[in-house]
Amino acid sequence: QKEVEQDPGPLSVPEGAIVSLNCTYSNSAFQYFMWYRQYSRKGPELLMYTYSSGNKEDGRFTAQVDKSSKYISLFIRDSQPSDSATYLCAMRDNNNDMRFGAGTRLTVKP
Amino acid sequence: DSGVTQTPKHLITATGQRVTLRCSPRSGDLSVYWYQQSLDQGLQFLIQYYNGEERAKGNILERFSAQQFPDLHSELNLSSLELGDSALYFCASSPGTGYIQYFGAGTRLSVL
(Lines give C-alpha, C1' and ligand atoms only; values in the text may rest on other atoms or scores of the structure.)
Protein backbone atom coordinates (compact mmCIF):
# COMPACT_ATOMS: atom_id res chain seq x y z
CA GLN A 1 0.00 0.00 0.00
CA LYS A 2 1.35 3.41 -0.98
CA GLU A 3 1.67 6.05 1.71
CA VAL A 4 -0.34 8.48 -0.40
CA GLU A 5 -3.14 7.31 -2.68
CA GLN A 6 -4.56 9.53 -5.39
CA ASP A 7 -6.87 8.50 -8.21
CA PRO A 8 -4.97 9.26 -11.44
CA GLY A 9 -8.20 9.86 -13.37
CA PRO A 10 -8.44 11.13 -16.01
CA LEU A 11 -11.26 13.40 -14.92
CA SER A 12 -13.21 15.36 -17.51
CA VAL A 13 -15.77 18.03 -16.59
CA PRO A 14 -17.65 20.79 -18.41
CA GLU A 15 -16.68 24.40 -17.90
CA GLY A 16 -18.29 25.87 -14.79
CA ALA A 17 -18.48 22.56 -12.92
CA ILE A 18 -17.29 22.04 -9.37
CA VAL A 19 -14.30 19.71 -9.30
CA SER A 20 -13.40 17.55 -6.32
CA LEU A 21 -9.93 16.03 -6.10
CA ASN A 22 -8.94 13.76 -3.25
CA CYS A 23 -6.06 11.95 -1.61
CA THR A 24 -5.85 9.49 1.23
CA TYR A 25 -2.77 8.73 3.25
CA SER A 26 -1.63 6.23 5.82
CA ASN A 27 1.13 8.04 7.73
CA SER A 28 -0.36 9.86 10.72
CA ALA A 29 2.89 11.83 11.09
CA PHE A 30 2.03 14.01 8.10
CA GLN A 31 1.30 17.52 9.34
CA TYR A 32 1.60 19.74 6.28
CA PHE A 33 -0.57 19.29 3.22
CA MET A 34 -0.14 20.81 -0.19
CA TRP A 35 -1.70 20.80 -3.61
CA TYR A 36 0.42 21.36 -6.69
CA ARG A 37 -0.76 21.99 -10.23
CA GLN A 38 1.33 20.73 -13.11
CA TYR A 39 0.73 21.75 -16.69
CA SER A 40 2.00 19.54 -19.47
CA ARG A 41 5.79 19.74 -19.83
CA LYS A 42 6.10 22.10 -16.85
CA GLY A 43 7.20 21.75 -13.26
CA PRO A 44 4.66 21.50 -10.43
CA GLU A 45 3.55 24.86 -9.01
CA LEU A 46 2.16 25.27 -5.52
CA LEU A 47 -1.57 25.98 -5.33
CA MET A 48 -2.54 25.53 -1.71
CA TYR A 49 -0.72 24.89 1.55
CA THR A 50 -2.41 23.92 4.81
CA TYR A 51 -1.28 22.84 8.22
CA SER A 52 -3.20 20.17 10.14
CA SER A 53 -6.96 19.79 9.84
CA GLY A 54 -9.40 22.36 8.53
CA ASN A 55 -10.30 24.33 5.45
CA LYS A 56 -8.47 26.97 3.49
CA GLU A 57 -9.93 29.02 0.68
CA ASP A 58 -8.15 30.96 -2.03
CA GLY A 59 -10.34 32.35 -4.77
CA ARG A 60 -11.99 29.48 -6.60
CA PHE A 61 -9.91 26.89 -4.73
CA THR A 62 -10.69 25.32 -1.35
CA ALA A 63 -8.44 22.81 0.38
CA GLN A 64 -9.79 20.57 3.12
CA VAL A 65 -7.85 18.35 5.49
CA ASP A 66 -9.44 15.72 7.71
CA LYS A 67 -6.64 14.19 9.74
CA SER A 68 -8.96 11.85 11.61
CA SER A 69 -9.89 10.20 8.32
CA LYS A 70 -6.46 10.76 6.72
CA TYR A 71 -8.19 12.40 3.79
CA ILE A 72 -7.53 15.64 1.96
CA SER A 73 -9.49 17.33 -0.79
CA LEU A 74 -9.17 20.16 -3.25
CA PHE A 75 -12.32 21.78 -4.63
CA ILE A 76 -12.30 23.96 -7.71
CA ARG A 77 -15.40 26.11 -8.22
CA ASP A 78 -16.49 27.50 -11.57
CA SER A 79 -13.84 25.42 -13.32
CA GLN A 80 -12.21 26.92 -16.40
CA PRO A 81 -10.43 25.34 -19.38
CA SER A 82 -7.24 26.91 -18.02
CA ASP A 83 -7.61 24.65 -14.97
CA SER A 84 -6.88 21.65 -17.19
CA ALA A 85 -3.72 20.16 -15.70
CA THR A 86 -2.50 17.40 -13.43
CA TYR A 87 -3.10 18.05 -9.74
CA LEU A 88 -0.74 16.47 -7.22
CA CYS A 89 -1.34 16.26 -3.53
CA ALA A 90 1.72 16.34 -1.29
CA MET A 91 2.27 15.97 2.40
CA ARG A 92 5.15 16.33 4.79
CA ASP A 93 5.97 15.33 8.36
CA ASN A 94 7.97 17.33 10.91
CA ASN A 95 11.16 15.68 9.67
CA ASN A 96 10.60 17.21 6.23
CA ASP A 97 9.96 13.80 4.73
CA MET A 98 7.72 14.63 1.77
CA ARG A 99 5.47 12.35 -0.25
CA PHE A 100 3.50 13.09 -3.39
CA GLY A 101 0.39 11.49 -4.78
CA ALA A 102 0.46 10.10 -8.32
CA GLY A 103 -1.51 13.09 -9.61
CA THR A 104 -5.03 13.41 -11.08
CA ARG A 105 -5.26 14.53 -14.67
CA LEU A 106 -8.11 17.03 -15.09
CA THR A 107 -9.63 18.30 -18.33
CA VAL A 108 -12.19 21.11 -18.29
CA LYS A 109 -14.08 21.23 -21.56
CA PRO A 110 -15.42 24.55 -22.89
CA ASP B 1 8.34 31.54 -13.65
CA SER B 2 9.39 29.88 -10.37
CA GLY B 3 12.92 31.28 -10.43
CA VAL B 4 14.45 27.79 -10.43
CA THR B 5 16.51 27.08 -13.54
CA GLN B 6 17.29 23.61 -14.81
CA THR B 7 19.57 22.70 -17.68
CA PRO B 8 19.46 21.04 -20.09
CA LYS B 9 15.76 20.83 -20.91
CA HIS B 10 16.18 17.62 -22.86
CA LEU B 11 18.88 14.98 -22.80
CA ILE B 12 19.13 11.93 -25.02
CA THR B 13 21.78 9.36 -24.28
CA ALA B 14 22.53 5.66 -24.47
CA THR B 15 22.50 2.92 -21.88
CA GLY B 16 25.67 2.72 -19.81
CA GLN B 17 26.44 6.41 -20.18
CA ARG B 18 26.76 9.10 -17.53
CA VAL B 19 25.00 12.47 -17.51
CA THR B 20 24.93 15.55 -15.32
CA LEU B 21 21.82 17.62 -14.67
CA ARG B 22 22.19 21.14 -13.36
CA CYS B 23 19.96 23.25 -11.13
CA SER B 24 20.16 26.88 -10.09
CA PRO B 25 17.86 27.61 -7.14
CA ARG B 26 15.85 30.78 -6.56
CA SER B 27 17.92 33.66 -5.31
CA GLY B 28 18.48 33.27 -1.58
CA ASP B 29 17.19 29.70 -1.33
CA LEU B 30 19.53 27.42 0.59
CA SER B 31 17.78 24.09 0.03
CA VAL B 32 17.75 22.15 -3.20
CA TYR B 33 15.70 19.03 -3.77
CA TRP B 34 15.85 16.53 -6.63
CA TYR B 35 12.88 14.49 -7.82
CA GLN B 36 12.29 11.88 -10.49
CA GLN B 37 8.93 11.75 -12.24
CA SER B 38 7.98 8.78 -14.37
CA LEU B 39 4.60 7.67 -15.66
CA ASP B 40 4.38 4.61 -13.46
CA GLN B 41 6.05 5.92 -10.30
CA GLY B 42 4.82 9.48 -10.05
CA LEU B 43 7.00 12.11 -8.36
CA GLN B 44 9.70 10.45 -6.29
CA PHE B 45 11.95 12.37 -3.90
CA LEU B 46 15.62 11.60 -4.50
CA ILE B 47 17.75 13.84 -2.31
CA GLN B 48 17.95 17.19 -0.54
CA TYR B 49 20.89 19.50 0.04
CA TYR B 50 20.94 22.41 2.44
CA ASN B 51 23.68 25.01 2.16
CA GLY B 52 26.09 22.54 0.63
CA GLU B 53 25.40 19.56 2.85
CA GLU B 54 23.24 16.53 2.26
CA ARG B 55 20.14 16.85 4.45
CA ALA B 56 17.77 14.07 3.43
CA LYS B 57 17.83 11.06 1.17
CA GLY B 58 14.89 9.41 -0.54
CA ASN B 59 14.68 6.71 -3.16
CA ILE B 60 17.99 7.54 -4.79
CA LEU B 61 19.88 4.73 -6.51
CA GLU B 62 23.56 4.15 -5.78
CA ARG B 63 24.29 4.93 -9.43
CA PHE B 64 22.99 8.45 -8.81
CA SER B 65 24.78 11.14 -6.83
CA ALA B 66 24.36 14.83 -6.25
CA GLN B 67 26.17 17.77 -4.79
CA GLN B 68 25.53 21.41 -3.98
CA PHE B 69 28.27 23.91 -4.65
CA PRO B 70 29.28 27.03 -2.65
CA ASP B 71 27.25 29.22 -5.01
CA LEU B 72 24.27 26.95 -4.10
CA HIS B 73 23.72 25.52 -7.54
CA SER B 74 23.36 21.76 -7.59
CA GLU B 75 24.17 18.93 -9.94
CA LEU B 76 22.63 15.49 -10.17
CA ASN B 77 24.91 12.87 -11.67
CA LEU B 78 23.39 9.74 -13.18
CA SER B 79 25.75 6.95 -14.21
CA SER B 80 25.53 3.50 -15.80
CA LEU B 81 22.23 4.61 -17.24
CA GLU B 82 19.49 2.09 -17.88
CA LEU B 83 16.37 2.32 -20.00
CA GLY B 84 14.31 2.62 -16.84
CA ASP B 85 16.08 5.83 -15.88
CA SER B 86 14.21 7.63 -18.64
CA ALA B 87 12.08 10.18 -16.81
CA LEU B 88 11.58 13.82 -15.97
CA TYR B 89 14.01 15.05 -13.33
CA PHE B 90 12.90 18.05 -11.32
CA CYS B 91 14.82 20.31 -9.06
CA ALA B 92 13.05 22.37 -6.40
CA SER B 93 14.35 24.96 -3.98
CA SER B 94 13.23 26.55 -0.74
CA PRO B 95 14.64 29.14 1.66
CA GLY B 96 15.42 26.49 4.24
CA THR B 97 14.18 23.12 5.33
CA GLY B 98 10.51 22.72 5.98
CA TYR B 99 9.49 25.51 3.67
CA ILE B 100 7.39 25.51 0.53
CA GLN B 101 9.29 24.13 -2.45
CA TYR B 102 9.40 25.84 -5.82
CA PHE B 103 10.00 23.62 -8.83
CA GLY B 104 11.99 24.13 -11.98
CA ALA B 105 10.70 23.17 -15.42
CA GLY B 106 12.56 19.86 -15.35
CA THR B 107 15.04 17.96 -17.48
CA ARG B 108 13.59 15.25 -19.70
CA LEU B 109 16.04 12.36 -19.90
CA SER B 110 15.67 9.74 -22.58
CA VAL B 111 17.92 6.68 -22.38
CA LEU B 112 17.97 4.73 -25.64
# chains A, B, ... in the order shown; residues from 1 in each chain; ligands from 1

call {"tool": "closest_atom_pairs", "arguments": {"of": "chain A", "to": "chain B", "cutoff": "6 Å", "atoms": "only C-alpha atoms", "output": "Markdown table"}}
result
| residue | atom | partner | partner_atom | distance |
| --- | --- | --- | --- | --- |
| A:Lys42 | CA | B:Ala105 | CA | 4.9 |
| A:Gly43 | CA | B:Ala105 | CA | 4.4 |
| A:Pro44 | CA | B:Phe103 | CA | 6.0 |
| A:Asn96 | CA | B:Gly98 | CA | 5.5 |
| A:Ala102 | CA | B:Gly42 | CA | 4.7 |

call {"tool": "residues_around", "arguments": {"residues": "Ser79 (chain B)", "least_positions_apart": "4", "cutoff": "9 Å", "atoms": "only C-alpha atoms", "output": "number ranges by chain"}}
result
B: 16-20, 63-65

call {"tool": "atom_distance", "arguments": {"atom1": "CA of Gly101 (chain A)", "atom2": "CA of Asp66 (chain A)"}}
result
16.4 Å

call {"tool": "closest_residue", "arguments": {"among": "A:Ser28, A:Ser12, A:Ser53, A:Gln64", "to": "Gln80 (chain A)", "atoms": "only C-alpha atoms"}}
result
A:Ser12

call {"tool": "residues_around", "arguments": {"residues": "Gly59 (chain A)", "least_positions_apart": "4", "cutoff": "12 Å", "atoms": "only C-alpha atoms", "output": "ChimeraX atom specification"}}
result
/A:47-48,63,75-79

call {"tool": "residues_around", "arguments": {"residues": "region 21-29 of chain B", "least_positions_apart": "4", "cutoff": "7 Å", "atoms": "only C-alpha atoms", "output": "count of residues only"}}
result
16

call {"tool": "atom_distance", "arguments": {"atom1": "CA of Val108 (chain A)", "atom2": "CA of Val65 (chain A)"}}
result
24.3 Å

call {"tool": "closest_residue", "arguments": {"among": "B:Leu30, B:Thr15, B:Ser110, B:His10", "to": "Asp71 (chain B)", "atoms": "only C-alpha atoms"}}
result
B:Leu30

call {"tool": "atom_distance", "arguments": {"atom1": "CA of Thr104 (chain A)", "atom2": "CA of Thr86 (chain A)"}}
result
5.3 Å

call {"tool": "residues_around", "arguments": {"residues": "Val13 (chain A)", "least_positions_apart": "3", "cutoff": "8 Å", "atoms": "only C-alpha atoms", "output": "count of residues only"}}
result
6

call {"tool": "select_by_dssp", "arguments": {"residues": "chain B", "states": "strand (DSSP E or B)", "output": "number ranges by chain"}}
result
B: 5-7, 10-13, 19-24, 31-38, 42-50, 53-57, 64-68, 74-78, 87-94, 102-103, 107-111

call {"tool": "residues_around", "arguments": {"residues": "Val4 (chain A)", "least_positions_apart": "6", "cutoff": "10 Å", "atoms": "only C-alpha atoms", "output": "PyMOL selection string"}}
result
chain A and resi 23-27+70-71+89-91+99-102

call {"tool": "closest_residue", "arguments": {"among": "A:Asp58, A:Gly16, A:Asp97, A:Tyr32", "to": "Ile72 (chain A)", "atoms": "only C-alpha atoms"}}
result
A:Tyr32

call {"tool": "closest_residue", "arguments": {"among": "B:Ser31, B:Gln67, B:Asn51, B:Gln36", "to": "Gly84 (chain B)", "atoms": "only C-alpha atoms"}}
result
B:Gln36

call {"tool": "closest_residue", "arguments": {"among": "A:Leu88, A:Leu46, A:Met98, A:Met34", "to": "Asp7 (chain A)", "atoms": "only C-alpha atoms"}}
result
A:Leu88
